[in-house]
Each structure stands twice: as structure tokens, then as C-alpha cells.
$ cat start.cif   # mmCIF, N, CA and C atoms and all ligand atoms
data_structure
loop_
_atom_site.label_atom_id
_atom_site.label_comp_id
_atom_site.auth_asym_id
_atom_site.auth_seq_id
_atom_site.Cartn_x
_atom_site.Cartn_y
_atom_site.Cartn_z
N MET A 1174 -51.83 23.79 71.84
CA MET A 1174 -51.23 22.80 70.95
C MET A 1174 -49.90 23.33 70.42
N GLU A 1175 -48.96 22.45 70.33
CA GLU A 1175 -47.63 22.85 69.86
C GLU A 1175 -47.65 23.11 68.34
N SER A 1176 -46.89 24.11 67.92
CA SER A 1176 -46.81 24.41 66.49
C SER A 1176 -46.05 23.32 65.76
N LYS A 1177 -46.52 23.04 64.56
CA LYS A 1177 -45.88 22.01 63.75
C LYS A 1177 -45.15 22.68 62.58
N PHE A 1178 -43.88 22.32 62.43
CA PHE A 1178 -43.05 22.91 61.39
C PHE A 1178 -42.76 21.92 60.27
N ALA A 1179 -42.64 22.46 59.08
CA ALA A 1179 -42.06 21.73 57.94
C ALA A 1179 -40.82 22.51 57.50
N THR A 1180 -40.03 21.90 56.65
CA THR A 1180 -38.83 22.56 56.14
C THR A 1180 -38.89 22.55 54.62
N CYS A 1181 -38.59 23.70 54.02
CA CYS A 1181 -38.64 23.78 52.57
C CYS A 1181 -37.30 24.26 52.03
N LEU A 1182 -36.76 23.52 51.08
CA LEU A 1182 -35.54 23.91 50.38
C LEU A 1182 -36.01 24.49 49.05
N ASN A 1183 -35.94 25.82 48.96
CA ASN A 1183 -36.58 26.53 47.87
C ASN A 1183 -35.58 27.43 47.15
N CYS A 1184 -35.98 27.93 45.98
CA CYS A 1184 -35.19 28.96 45.30
C CYS A 1184 -35.32 30.27 46.07
N ILE A 1185 -34.42 31.21 45.78
CA ILE A 1185 -34.54 32.53 46.39
C ILE A 1185 -35.69 33.34 45.80
N ASP A 1186 -36.20 32.91 44.65
CA ASP A 1186 -37.16 33.70 43.86
C ASP A 1186 -38.38 34.10 44.70
N GLY A 1187 -38.61 35.40 44.80
CA GLY A 1187 -39.71 35.93 45.61
C GLY A 1187 -41.09 35.50 45.17
N ARG A 1188 -41.22 35.11 43.91
CA ARG A 1188 -42.55 34.73 43.40
C ARG A 1188 -43.03 33.39 43.93
N VAL A 1189 -42.08 32.54 44.35
CA VAL A 1189 -42.49 31.17 44.70
C VAL A 1189 -42.54 30.91 46.21
N GLN A 1190 -42.28 31.92 47.02
CA GLN A 1190 -42.29 31.69 48.47
C GLN A 1190 -43.72 31.47 48.99
N ILE A 1191 -44.58 32.46 48.75
CA ILE A 1191 -45.94 32.40 49.31
C ILE A 1191 -46.76 31.25 48.70
N PRO A 1192 -46.70 31.02 47.36
CA PRO A 1192 -47.44 29.87 46.83
C PRO A 1192 -47.05 28.54 47.47
N VAL A 1193 -45.75 28.38 47.74
CA VAL A 1193 -45.28 27.12 48.33
C VAL A 1193 -45.73 27.01 49.79
N ILE A 1194 -45.59 28.10 50.53
CA ILE A 1194 -46.02 28.08 51.94
C ILE A 1194 -47.52 27.80 52.03
N ASN A 1195 -48.29 28.47 51.19
CA ASN A 1195 -49.75 28.25 51.22
C ASN A 1195 -50.10 26.82 50.86
N TRP A 1196 -49.43 26.27 49.86
CA TRP A 1196 -49.73 24.90 49.43
C TRP A 1196 -49.42 23.91 50.56
N ILE A 1197 -48.28 24.10 51.19
CA ILE A 1197 -47.89 23.16 52.26
C ILE A 1197 -48.87 23.27 53.44
N THR A 1198 -49.17 24.49 53.88
CA THR A 1198 -50.04 24.62 55.06
C THR A 1198 -51.49 24.24 54.74
N ASN A 1199 -51.88 24.31 53.46
CA ASN A 1199 -53.23 23.90 53.08
C ASN A 1199 -53.37 22.39 52.94
N ASN A 1200 -52.26 21.70 52.64
CA ASN A 1200 -52.33 20.27 52.35
C ASN A 1200 -51.81 19.37 53.47
N TYR A 1201 -51.17 19.96 54.46
CA TYR A 1201 -50.61 19.18 55.57
C TYR A 1201 -51.00 19.84 56.89
N GLU A 1202 -50.88 19.08 57.97
CA GLU A 1202 -51.12 19.63 59.31
C GLU A 1202 -49.86 20.38 59.75
N ILE A 1203 -49.55 21.45 59.03
CA ILE A 1203 -48.34 22.22 59.27
C ILE A 1203 -48.73 23.67 59.56
N ASP A 1204 -48.12 24.25 60.61
CA ASP A 1204 -48.40 25.65 60.96
C ASP A 1204 -47.40 26.62 60.33
N TYR A 1205 -46.13 26.19 60.32
CA TYR A 1205 -45.07 27.09 59.84
C TYR A 1205 -44.11 26.33 58.93
N VAL A 1206 -43.57 27.05 57.95
CA VAL A 1206 -42.61 26.45 57.02
C VAL A 1206 -41.27 27.15 57.18
N ASP A 1207 -40.27 26.42 57.68
CA ASP A 1207 -38.90 26.96 57.72
C ASP A 1207 -38.37 26.96 56.30
N MET A 1208 -37.92 28.13 55.81
CA MET A 1208 -37.50 28.24 54.42
C MET A 1208 -35.98 28.36 54.32
N VAL A 1209 -35.39 27.43 53.61
CA VAL A 1209 -33.96 27.48 53.31
C VAL A 1209 -33.86 27.78 51.82
N THR A 1210 -33.22 28.89 51.47
CA THR A 1210 -33.21 29.27 50.05
C THR A 1210 -31.80 29.30 49.47
N GLU A 1211 -31.76 29.01 48.19
CA GLU A 1211 -30.53 29.08 47.41
C GLU A 1211 -31.00 29.34 45.97
N ALA A 1212 -30.28 30.17 45.23
CA ALA A 1212 -30.68 30.44 43.85
C ALA A 1212 -30.55 29.17 43.02
N GLY A 1213 -31.67 28.69 42.51
CA GLY A 1213 -31.67 27.45 41.73
C GLY A 1213 -31.43 26.21 42.59
N MET A 1214 -32.15 26.12 43.69
CA MET A 1214 -31.94 25.04 44.67
C MET A 1214 -31.98 23.65 44.05
N ASP A 1215 -32.95 23.38 43.19
CA ASP A 1215 -33.09 22.02 42.64
C ASP A 1215 -31.87 21.62 41.81
N GLY A 1216 -31.39 22.56 40.98
CA GLY A 1216 -30.22 22.26 40.15
C GLY A 1216 -28.96 22.05 40.97
N LEU A 1217 -28.80 22.84 42.02
CA LEU A 1217 -27.62 22.70 42.88
C LEU A 1217 -27.60 21.33 43.57
N LEU A 1218 -28.73 20.96 44.16
CA LEU A 1218 -28.77 19.70 44.91
C LEU A 1218 -28.63 18.49 43.99
N ALA A 1219 -29.04 18.66 42.72
CA ALA A 1219 -28.92 17.55 41.77
C ALA A 1219 -27.50 17.42 41.22
N ASP A 1220 -26.68 18.43 41.45
CA ASP A 1220 -25.32 18.46 40.93
C ASP A 1220 -24.37 17.86 41.97
N ASN A 1221 -23.81 16.71 41.65
CA ASN A 1221 -22.96 16.01 42.62
C ASN A 1221 -21.69 16.79 42.98
N SER A 1222 -21.29 17.74 42.15
CA SER A 1222 -20.10 18.52 42.47
C SER A 1222 -20.42 19.67 43.44
N PHE A 1223 -21.69 19.88 43.72
CA PHE A 1223 -22.09 20.94 44.65
C PHE A 1223 -22.03 20.40 46.08
N ASN A 1224 -21.32 21.13 46.94
CA ASN A 1224 -21.23 20.75 48.36
C ASN A 1224 -22.39 21.37 49.14
N PRO A 1225 -23.30 20.54 49.66
CA PRO A 1225 -24.51 21.10 50.28
C PRO A 1225 -24.37 21.39 51.77
N ALA A 1226 -23.13 21.47 52.29
CA ALA A 1226 -22.93 21.56 53.75
C ALA A 1226 -23.71 22.71 54.39
N HIS A 1227 -23.70 23.90 53.75
CA HIS A 1227 -24.37 25.04 54.39
C HIS A 1227 -25.89 24.88 54.37
N ILE A 1228 -26.40 24.15 53.38
CA ILE A 1228 -27.84 23.86 53.34
C ILE A 1228 -28.19 22.83 54.42
N LEU A 1229 -27.34 21.82 54.55
CA LEU A 1229 -27.59 20.77 55.54
C LEU A 1229 -27.53 21.33 56.97
N ARG A 1230 -26.68 22.32 57.18
CA ARG A 1230 -26.59 22.93 58.51
C ARG A 1230 -27.93 23.57 58.88
N LYS A 1231 -28.53 24.28 57.94
CA LYS A 1231 -29.82 24.92 58.19
C LYS A 1231 -30.93 23.87 58.33
N LEU A 1232 -30.84 22.85 57.49
CA LEU A 1232 -31.82 21.76 57.56
C LEU A 1232 -31.77 21.09 58.93
N ALA A 1233 -30.56 20.90 59.44
CA ALA A 1233 -30.39 20.24 60.73
C ALA A 1233 -31.00 21.06 61.86
N ILE A 1234 -30.90 22.38 61.78
CA ILE A 1234 -31.49 23.25 62.81
C ILE A 1234 -33.01 23.13 62.77
N SER A 1235 -33.57 23.12 61.57
CA SER A 1235 -35.02 23.02 61.42
C SER A 1235 -35.53 21.67 61.94
N ILE A 1236 -34.83 20.61 61.61
CA ILE A 1236 -35.23 19.27 62.05
C ILE A 1236 -34.99 19.12 63.56
N GLY A 1237 -33.82 19.54 63.99
CA GLY A 1237 -33.44 19.32 65.39
C GLY A 1237 -34.17 20.23 66.36
N ASN A 1238 -34.36 21.50 66.02
CA ASN A 1238 -34.95 22.45 66.97
C ASN A 1238 -36.44 22.65 66.78
N HIS A 1239 -36.94 22.40 65.57
CA HIS A 1239 -38.37 22.57 65.32
C HIS A 1239 -39.09 21.25 65.09
N ASP A 1240 -38.37 20.16 65.29
CA ASP A 1240 -38.97 18.83 65.13
C ASP A 1240 -39.67 18.65 63.79
N SER A 1241 -39.14 19.28 62.76
CA SER A 1241 -39.72 19.10 61.43
C SER A 1241 -39.41 17.68 60.94
N ASN A 1242 -40.42 17.00 60.43
CA ASN A 1242 -40.13 15.74 59.74
C ASN A 1242 -40.80 15.68 58.37
N ASN A 1243 -41.12 16.86 57.84
CA ASN A 1243 -41.58 16.99 56.46
C ASN A 1243 -40.66 17.97 55.74
N ILE A 1244 -39.97 17.46 54.75
CA ILE A 1244 -39.07 18.31 53.97
C ILE A 1244 -39.62 18.41 52.55
N PHE A 1245 -39.60 19.62 52.02
CA PHE A 1245 -40.04 19.85 50.64
C PHE A 1245 -38.88 20.45 49.85
N ILE A 1246 -38.71 19.99 48.63
CA ILE A 1246 -37.67 20.51 47.76
C ILE A 1246 -38.35 21.03 46.49
N VAL A 1247 -38.05 22.29 46.15
CA VAL A 1247 -38.83 22.98 45.12
C VAL A 1247 -37.99 23.35 43.91
N GLY A 1248 -38.57 23.16 42.74
CA GLY A 1248 -38.07 23.73 41.50
C GLY A 1248 -39.20 24.53 40.89
N HIS A 1249 -38.88 25.52 40.06
CA HIS A 1249 -39.98 26.35 39.54
C HIS A 1249 -39.71 26.84 38.12
N TYR A 1250 -40.79 27.20 37.47
CA TYR A 1250 -40.79 27.75 36.11
C TYR A 1250 -40.05 29.08 36.08
N ASP A 1251 -39.33 29.36 34.98
CA ASP A 1251 -38.66 30.65 34.77
C ASP A 1251 -37.63 30.95 35.86
N CYS A 1252 -36.88 29.92 36.25
CA CYS A 1252 -35.86 30.10 37.28
C CYS A 1252 -34.63 30.77 36.68
N ALA A 1253 -34.30 31.96 37.19
CA ALA A 1253 -33.18 32.74 36.63
C ALA A 1253 -31.84 32.04 36.86
N ALA A 1254 -31.70 31.39 37.98
CA ALA A 1254 -30.42 30.77 38.33
C ALA A 1254 -30.26 29.39 37.71
N ASN A 1255 -31.36 28.80 37.28
CA ASN A 1255 -31.34 27.44 36.75
C ASN A 1255 -32.29 27.36 35.55
N PRO A 1256 -31.87 28.00 34.41
CA PRO A 1256 -32.77 28.15 33.27
C PRO A 1256 -32.81 26.92 32.38
N VAL A 1257 -33.31 25.83 32.89
CA VAL A 1257 -33.42 24.58 32.11
C VAL A 1257 -34.89 24.30 31.83
N ASP A 1258 -35.14 23.32 30.94
CA ASP A 1258 -36.52 22.95 30.60
C ASP A 1258 -37.23 22.34 31.81
N GLU A 1259 -38.54 22.39 31.74
CA GLU A 1259 -39.38 21.84 32.81
C GLU A 1259 -39.04 20.37 33.10
N ASP A 1260 -38.83 19.59 32.02
CA ASP A 1260 -38.51 18.16 32.20
C ASP A 1260 -37.21 17.99 32.98
N VAL A 1261 -36.23 18.83 32.67
CA VAL A 1261 -34.94 18.76 33.36
C VAL A 1261 -35.12 19.15 34.83
N HIS A 1262 -35.88 20.21 35.06
CA HIS A 1262 -36.17 20.61 36.45
C HIS A 1262 -36.75 19.44 37.24
N LYS A 1263 -37.70 18.75 36.63
CA LYS A 1263 -38.39 17.68 37.36
C LYS A 1263 -37.44 16.52 37.66
N GLU A 1264 -36.51 16.24 36.72
CA GLU A 1264 -35.49 15.23 36.99
C GLU A 1264 -34.56 15.69 38.11
N GLN A 1265 -34.21 16.97 38.09
CA GLN A 1265 -33.34 17.52 39.14
C GLN A 1265 -34.04 17.46 40.51
N ILE A 1266 -35.33 17.73 40.52
CA ILE A 1266 -36.08 17.67 41.79
C ILE A 1266 -36.03 16.25 42.35
N LYS A 1267 -36.22 15.25 41.47
CA LYS A 1267 -36.17 13.84 41.93
C LYS A 1267 -34.79 13.50 42.47
N LYS A 1268 -33.74 13.94 41.74
CA LYS A 1268 -32.37 13.67 42.21
C LYS A 1268 -32.11 14.35 43.54
N ALA A 1269 -32.59 15.59 43.68
CA ALA A 1269 -32.38 16.35 44.92
C ALA A 1269 -33.06 15.66 46.10
N VAL A 1270 -34.26 15.13 45.86
CA VAL A 1270 -34.98 14.42 46.93
C VAL A 1270 -34.18 13.19 47.35
N GLN A 1271 -33.68 12.44 46.37
CA GLN A 1271 -32.86 11.25 46.67
C GLN A 1271 -31.62 11.64 47.46
N ARG A 1272 -31.00 12.74 47.07
CA ARG A 1272 -29.76 13.14 47.72
C ARG A 1272 -30.01 13.55 49.17
N ILE A 1273 -31.02 14.37 49.40
CA ILE A 1273 -31.29 14.82 50.77
C ILE A 1273 -31.74 13.64 51.64
N LYS A 1274 -32.35 12.64 51.01
CA LYS A 1274 -32.75 11.44 51.77
C LYS A 1274 -31.54 10.76 52.41
N ASN A 1275 -30.37 10.93 51.81
CA ASN A 1275 -29.16 10.34 52.39
C ASN A 1275 -28.80 10.94 53.74
N TYR A 1276 -29.33 12.10 54.03
CA TYR A 1276 -28.95 12.82 55.25
C TYR A 1276 -30.00 12.75 56.35
N THR A 1277 -31.20 12.38 56.02
CA THR A 1277 -32.23 12.30 57.05
C THR A 1277 -33.18 11.16 56.76
N ARG A 1278 -33.09 10.12 57.57
CA ARG A 1278 -33.91 8.95 57.31
C ARG A 1278 -35.33 9.10 57.85
N SER A 1279 -35.49 9.88 58.92
CA SER A 1279 -36.79 9.92 59.59
C SER A 1279 -37.79 10.86 58.89
N SER A 1280 -37.30 11.75 58.06
CA SER A 1280 -38.18 12.74 57.44
C SER A 1280 -38.80 12.22 56.15
N GLU A 1281 -40.04 12.65 55.93
CA GLU A 1281 -40.66 12.42 54.63
C GLU A 1281 -40.20 13.57 53.72
N ILE A 1282 -39.77 13.23 52.51
CA ILE A 1282 -39.25 14.25 51.61
C ILE A 1282 -40.10 14.28 50.34
N THR A 1283 -40.56 15.47 49.99
CA THR A 1283 -41.46 15.63 48.85
C THR A 1283 -40.87 16.63 47.87
N GLY A 1284 -40.86 16.27 46.61
CA GLY A 1284 -40.40 17.16 45.56
C GLY A 1284 -41.58 17.92 44.97
N LEU A 1285 -41.44 19.24 44.82
CA LEU A 1285 -42.53 20.07 44.31
C LEU A 1285 -42.08 20.87 43.09
N TRP A 1286 -43.00 21.03 42.16
CA TRP A 1286 -42.78 21.89 40.99
C TRP A 1286 -43.78 23.04 41.04
N VAL A 1287 -43.30 24.27 40.79
CA VAL A 1287 -44.19 25.42 40.72
C VAL A 1287 -44.27 25.87 39.26
N SER A 1288 -45.47 25.83 38.70
CA SER A 1288 -45.68 26.09 37.28
C SER A 1288 -45.68 27.59 36.98
N GLU A 1289 -45.78 27.93 35.69
CA GLU A 1289 -45.83 29.33 35.28
C GLU A 1289 -47.06 30.04 35.84
N TYR A 1290 -48.07 29.27 36.25
CA TYR A 1290 -49.28 29.85 36.86
C TYR A 1290 -49.20 29.82 38.40
N PHE A 1291 -48.00 29.49 38.89
CA PHE A 1291 -47.76 29.41 40.34
C PHE A 1291 -48.62 28.35 41.02
N GLU A 1292 -48.93 27.31 40.23
CA GLU A 1292 -49.60 26.15 40.79
C GLU A 1292 -48.53 25.16 41.24
N VAL A 1293 -48.76 24.54 42.39
CA VAL A 1293 -47.78 23.63 42.96
C VAL A 1293 -48.19 22.19 42.63
N GLU A 1294 -47.21 21.44 42.12
CA GLU A 1294 -47.46 20.06 41.70
C GLU A 1294 -46.48 19.14 42.44
N LYS A 1295 -47.02 18.04 42.96
CA LYS A 1295 -46.17 17.08 43.66
C LYS A 1295 -45.46 16.20 42.62
N ILE A 1296 -44.13 16.13 42.68
CA ILE A 1296 -43.35 15.39 41.70
C ILE A 1296 -42.98 14.00 42.21
N CYS A 1297 -42.59 13.91 43.46
CA CYS A 1297 -42.18 12.63 44.02
C CYS A 1297 -42.19 12.74 45.54
N ILE A 1298 -42.17 11.57 46.18
CA ILE A 1298 -42.18 11.57 47.64
C ILE A 1298 -41.44 10.33 48.13
N ILE A 1299 -40.64 10.52 49.18
CA ILE A 1299 -40.00 9.38 49.84
C ILE A 1299 -40.42 9.44 51.30
N GLY A 1300 -40.98 8.38 51.80
CA GLY A 1300 -41.48 8.35 53.17
C GLY A 1300 -40.35 8.32 54.19
N GLY A 1301 -40.68 8.73 55.40
CA GLY A 1301 -39.71 8.70 56.49
C GLY A 1301 -39.75 7.37 57.22
N VAL A 1302 -38.63 7.07 57.88
CA VAL A 1302 -38.53 5.85 58.67
C VAL A 1302 -38.53 6.28 60.14
N ASN A 1303 -39.35 5.64 60.95
CA ASN A 1303 -39.36 5.99 62.37
C ASN A 1303 -38.16 5.41 63.08
N GLU A 1304 -37.30 6.29 63.51
CA GLU A 1304 -36.10 5.87 64.24
C GLU A 1304 -35.87 6.85 65.36
N ASP A 1305 -35.26 6.37 66.43
CA ASP A 1305 -35.00 7.24 67.57
C ASP A 1305 -33.66 7.95 67.44
N ASP A 1306 -32.86 7.54 66.50
CA ASP A 1306 -31.53 8.16 66.41
C ASP A 1306 -31.62 9.55 65.76
N SER A 1307 -30.52 10.22 65.75
CA SER A 1307 -30.48 11.59 65.25
C SER A 1307 -31.02 11.65 63.82
N PRO A 1308 -31.99 12.53 63.57
CA PRO A 1308 -32.60 12.58 62.24
C PRO A 1308 -31.65 13.00 61.13
N VAL A 1309 -30.73 13.89 61.44
CA VAL A 1309 -29.74 14.27 60.43
C VAL A 1309 -28.41 13.75 60.95
N TYR A 1310 -27.97 12.63 60.42
CA TYR A 1310 -26.88 11.96 61.09
C TYR A 1310 -25.50 12.38 60.61
N GLU A 1311 -25.43 13.10 59.53
CA GLU A 1311 -24.09 13.59 59.13
C GLU A 1311 -23.82 14.98 59.67
N TYR A 1312 -24.89 15.71 59.95
CA TYR A 1312 -24.73 17.08 60.45
C TYR A 1312 -25.63 17.24 61.65
N SER A 1313 -25.11 17.78 62.73
CA SER A 1313 -25.96 18.04 63.88
C SER A 1313 -25.85 19.50 64.24
N THR A 1314 -26.78 19.97 65.06
CA THR A 1314 -26.79 21.38 65.45
C THR A 1314 -25.82 21.67 66.58
N SER A 1315 -25.31 20.61 67.23
CA SER A 1315 -24.43 20.84 68.37
C SER A 1315 -22.99 21.06 67.91
ZN ZN B 1 -35.33 30.14 40.79
#

$ encode --input "start.cif" --output "C-alpha cells"
Amino acid sequence: MESKFATCLNCIDGRVQIPVINWITNNYEIDYVDMVTEAGMDGLLADNSFNPAHILRKLAISIGNHDSNNIFIVGHYDCAANPVDEDVHKEQIKKAVQRIKNYTRSSEITGLWVSEYFEVEKICIIGGVNEDDSPVYEYSTS
């Protein structure tokens, strides 16, 4: 059977990598999680002045070469790079999900929050649309 990949846009924080990977592989038919990290990922993606080109390039490789159609965007408690309140994080996660949705119509995108107890909570989800065209239409791997 072919391996199934998901893609995760996560913080660089070492504490939240394994909890997120375990949660995704336990809750979905996913074998491997391609991890794209940036310090304070949720806050960056929610900030319209932030240019996400280098993140989208990695996302496009994961979607295009690993046939990932599940994307997860993570914010977490005690984030050094994005020290805002939990409520603000959750709003940023929703904005980040909406923003990444602009770049890939076929993927399902899920926003996740990691609590101070390293429990993963689903914040929001936008379903994918089945289309034959390029999944990441503004950025391609070629
Ligand atoms: Zn962080």
C-alpha cells in the first residue's frame, strides 16, 4: 500500500512536533507528516504583511510530490516567537487557514491548537474541492 502524507505548517518549537504528528496519525489515515516550520507560524500567516512565498514553495512540494491533501496549521501555548493570548492565537489560526485556502483548493485544511498540556484541539476546518487542476495554483514545484 502506498504511504499517505499530510502536510503540517507548524512552529519551530521542539515541544509541539511529536504531539502534533501523533495526533494527526492517530486521527487520520495518514502515515507520514511533512513538517514545514517557522517560528510563530500562526501569527505570521495571519499577518497580511508577511510574504508566505517560501512556505508555499515547501507546501507545493509536499502536495505535488507526496500527494498530500490534508494540511494542518498549528498554533501553540507559550509560543516564544508569538507571545499572544490563547484567544488571539485561535483567531490567527482561523485567519491562517483561510489564507492558505487561497492557494490550494483541493486540500482539506485544519487549524490546530496545542495546549499547555500538549493536548491537540481542532479549531476549524475547511474542506477540499475535488478538482483535476494543479492543487497549488499560484506556486508549482516545476
Ligand atoms: Zn512557537

$ closest_atom_pairs --input "start.cif" --of "chain A" --to "ligand ZN 1 (chain B)" --cutoff "5 Å" --atoms "all atoms listed in the file" --output "CSV"
residue,atom,partner,partner_atom,distance
A:Cys1184,CA,B:ZN1,ZN,4.7
A:Asp1186,N,B:ZN1,ZN,4.8
A:Gly1213,N,B:ZN1,ZN,4.3
A:Cys1252,CA,B:ZN1,ZN,3.6
A:Ala1253,N,B:ZN1,ZN,4.2
A:Ala1254,N,B:ZN1,ZN,4.8

$ write_last_selection --input "start.cif" --atoms "N, CA and C atoms" --output "CSV table (one decimal), keeping the file's coordinate frame"
chain,number,residue,atom,x,y,z
A,1184,CYS,N,-36.0,27.9,46.0
A,1184,CYS,CA,-35.2,29.0,45.3
A,1184,CYS,C,-35.3,30.3,46.1
A,1186,ASP,N,-36.2,32.9,44.6
A,1186,ASP,CA,-37.2,33.7,43.9
A,1186,ASP,C,-38.4,34.1,44.7
A,1213,GLY,N,-31.7,28.7,42.5
A,1213,GLY,CA,-31.7,27.4,41.7
A,1213,GLY,C,-31.4,26.2,42.6
A,1252,CYS,N,-36.9,29.9,36.2
A,1252,CYS,CA,-35.9,30.1,37.3
A,1252,CYS,C,-34.6,30.8,36.7
A,1253,ALA,N,-34.3,32.0,37.2
A,1253,ALA,CA,-33.2,32.7,36.6
A,1253,ALA,C,-31.8,32.0,36.9
A,1254,ALA,N,-31.7,31.4,38.0
A,1254,ALA,CA,-30.4,30.8,38.3
A,1254,ALA,C,-30.3,29.4,37.7

$ closest_residue --input "start.cif" --among "A:Ile1236, A:Met1174, A:Val1206, A:Val1193" --to "Arg1278 in chain A" --atoms "only C-alpha atoms"
A:Ile1236

$ select_by_dssp --input "start.cif" --residues "range 1225-1310 of chain A" --states "alpha helix (DSSP H)" --output "PyMOL selection string"
chain A and resi 1226-1239+1259-1274

$ write_last_selection --input "start.cif" --atoms "N, CA and C atoms" --output "compact mmCIF listing (two decimals), in the coordinates of the input"
# COMPACT_ATOMS: atom_id res chain seq x y z
N ALA A 1226 -23.13 21.47 52.29
CA ALA A 1226 -22.93 21.56 53.75
C ALA A 1226 -23.71 22.71 54.39
N HIS A 1227 -23.70 23.90 53.75
CA HIS A 1227 -24.37 25.04 54.39
C HIS A 1227 -25.89 24.88 54.37
N ILE A 1228 -26.40 24.15 53.38
CA ILE A 1228 -27.84 23.86 53.34
C ILE A 1228 -28.19 22.83 54.42
N LEU A 1229 -27.34 21.82 54.55
CA LEU A 1229 -27.59 20.77 55.54
C LEU A 1229 -27.53 21.33 56.97
N ARG A 1230 -26.68 22.32 57.18
CA ARG A 1230 -26.59 22.93 58.51
C ARG A 1230 -27.93 23.57 58.88
N LYS A 1231 -28.53 24.28 57.94
CA LYS A 1231 -29.82 24.92 58.19
C LYS A 1231 -30.93 23.87 58.33
N LEU A 1232 -30.84 22.85 57.49
CA LEU A 1232 -31.82 21.76 57.56
C LEU A 1232 -31.77 21.09 58.93
N ALA A 1233 -30.56 20.90 59.44
CA ALA A 1233 -30.39 20.24 60.73
C ALA A 1233 -31.00 21.06 61.86
N ILE A 1234 -30.90 22.38 61.78
CA ILE A 1234 -31.49 23.25 62.81
C ILE A 1234 -33.01 23.13 62.77
N SER A 1235 -33.57 23.12 61.57
CA SER A 1235 -35.02 23.02 61.42
C SER A 1235 -35.53 21.67 61.94
N ILE A 1236 -34.83 20.61 61.61
CA ILE A 1236 -35.23 19.27 62.05
C ILE A 1236 -34.99 19.12 63.56
N GLY A 1237 -33.82 19.54 63.99
CA GLY A 1237 -33.44 19.32 65.39
C GLY A 1237 -34.17 20.23 66.36
N ASN A 1238 -34.36 21.50 66.02
CA ASN A 1238 -34.95 22.45 66.97
C ASN A 1238 -36.44 22.65 66.78
N HIS A 1239 -36.94 22.40 65.57
CA HIS A 1239 -38.37 22.57 65.32
C HIS A 1239 -39.09 21.25 65.09
N GLU A 1259 -38.54 22.39 31.74
CA GLU A 1259 -39.38 21.84 32.81
C GLU A 1259 -39.04 20.37 33.10
N ASP A 1260 -38.83 19.59 32.02
CA ASP A 1260 -38.51 18.16 32.20
C ASP A 1260 -37.21 17.99 32.98
N VAL A 1261 -36.23 18.83 32.67
CA VAL A 1261 -34.94 18.76 33.36
C VAL A 1261 -35.12 19.15 34.83
N HIS A 1262 -35.88 20.21 35.06
CA HIS A 1262 -36.17 20.61 36.45
C HIS A 1262 -36.75 19.44 37.24
N LYS A 1263 -37.70 18.75 36.63
CA LYS A 1263 -38.39 17.68 37.36
C LYS A 1263 -37.44 16.52 37.66
N GLU A 1264 -36.51 16.24 36.72
CA GLU A 1264 -35.49 15.23 36.99
C GLU A 1264 -34.56 15.69 38.11
N GLN A 1265 -34.21 16.97 38.09
CA GLN A 1265 -33.34 17.52 39.14
C GLN A 1265 -34.04 17.46 40.51
N ILE A 1266 -35.33 17.73 40.52
CA ILE A 1266 -36.08 17.67 41.79
C ILE A 1266 -36.03 16.25 42.35
N LYS A 1267 -36.22 15.25 41.47
CA LYS A 1267 -36.17 13.84 41.93
C LYS A 1267 -34.79 13.50 42.47
N LYS A 1268 -33.74 13.94 41.74
CA LYS A 1268 -32.37 13.67 42.21
C LYS A 1268 -32.11 14.35 43.54
N ALA A 1269 -32.59 15.59 43.68
CA ALA A 1269 -32.38 16.35 44.92
C ALA A 1269 -33.06 15.66 46.10
N VAL A 1270 -34.26 15.13 45.86
CA VAL A 1270 -34.98 14.42 46.93
C VAL A 1270 -34.18 13.19 47.35
N GLN A 1271 -33.68 12.44 46.37
CA GLN A 1271 -32.86 11.25 46.67
C GLN A 1271 -31.62 11.64 47.46
N ARG A 1272 -31.00 12.74 47.07
CA ARG A 1272 -29.76 13.14 47.72
C ARG A 1272 -30.01 13.55 49.17
N ILE A 1273 -31.02 14.37 49.40
CA ILE A 1273 -31.29 14.82 50.77
C ILE A 1273 -31.74 13.64 51.64
N LYS A 1274 -32.35 12.64 51.01
CA LYS A 1274 -32.75 11.44 51.77
C LYS A 1274 -31.54 10.76 52.41

$ residues_around --input "start.cif" --residues "range 1265-1272 of chain A" --least-positions-apart "4" --cutoff "9 Å" --atoms "only C-alpha atoms" --output "PyMOL selection string"
chain A and resi 1214-1221+1245-1248+1260-1261+1276+1282-1286+1296-1299

$ select_by_dssp --input "start.cif" --residues "chain A" --states "strand (DSSP E or B)" --output "NGL selection string"
:A and (1178-1183 or 1205-1210 or 1243-1249 or 1277 or 1281-1287 or 1293-1299 or 1309)

$ closest_residue --input "start.cif" --among "A:Asn1242, A:Glu1259, A:Val1302, A:Ile1197" --to "Ser1288 in chain A" --atoms "only C-alpha atoms"
A:Glu1259
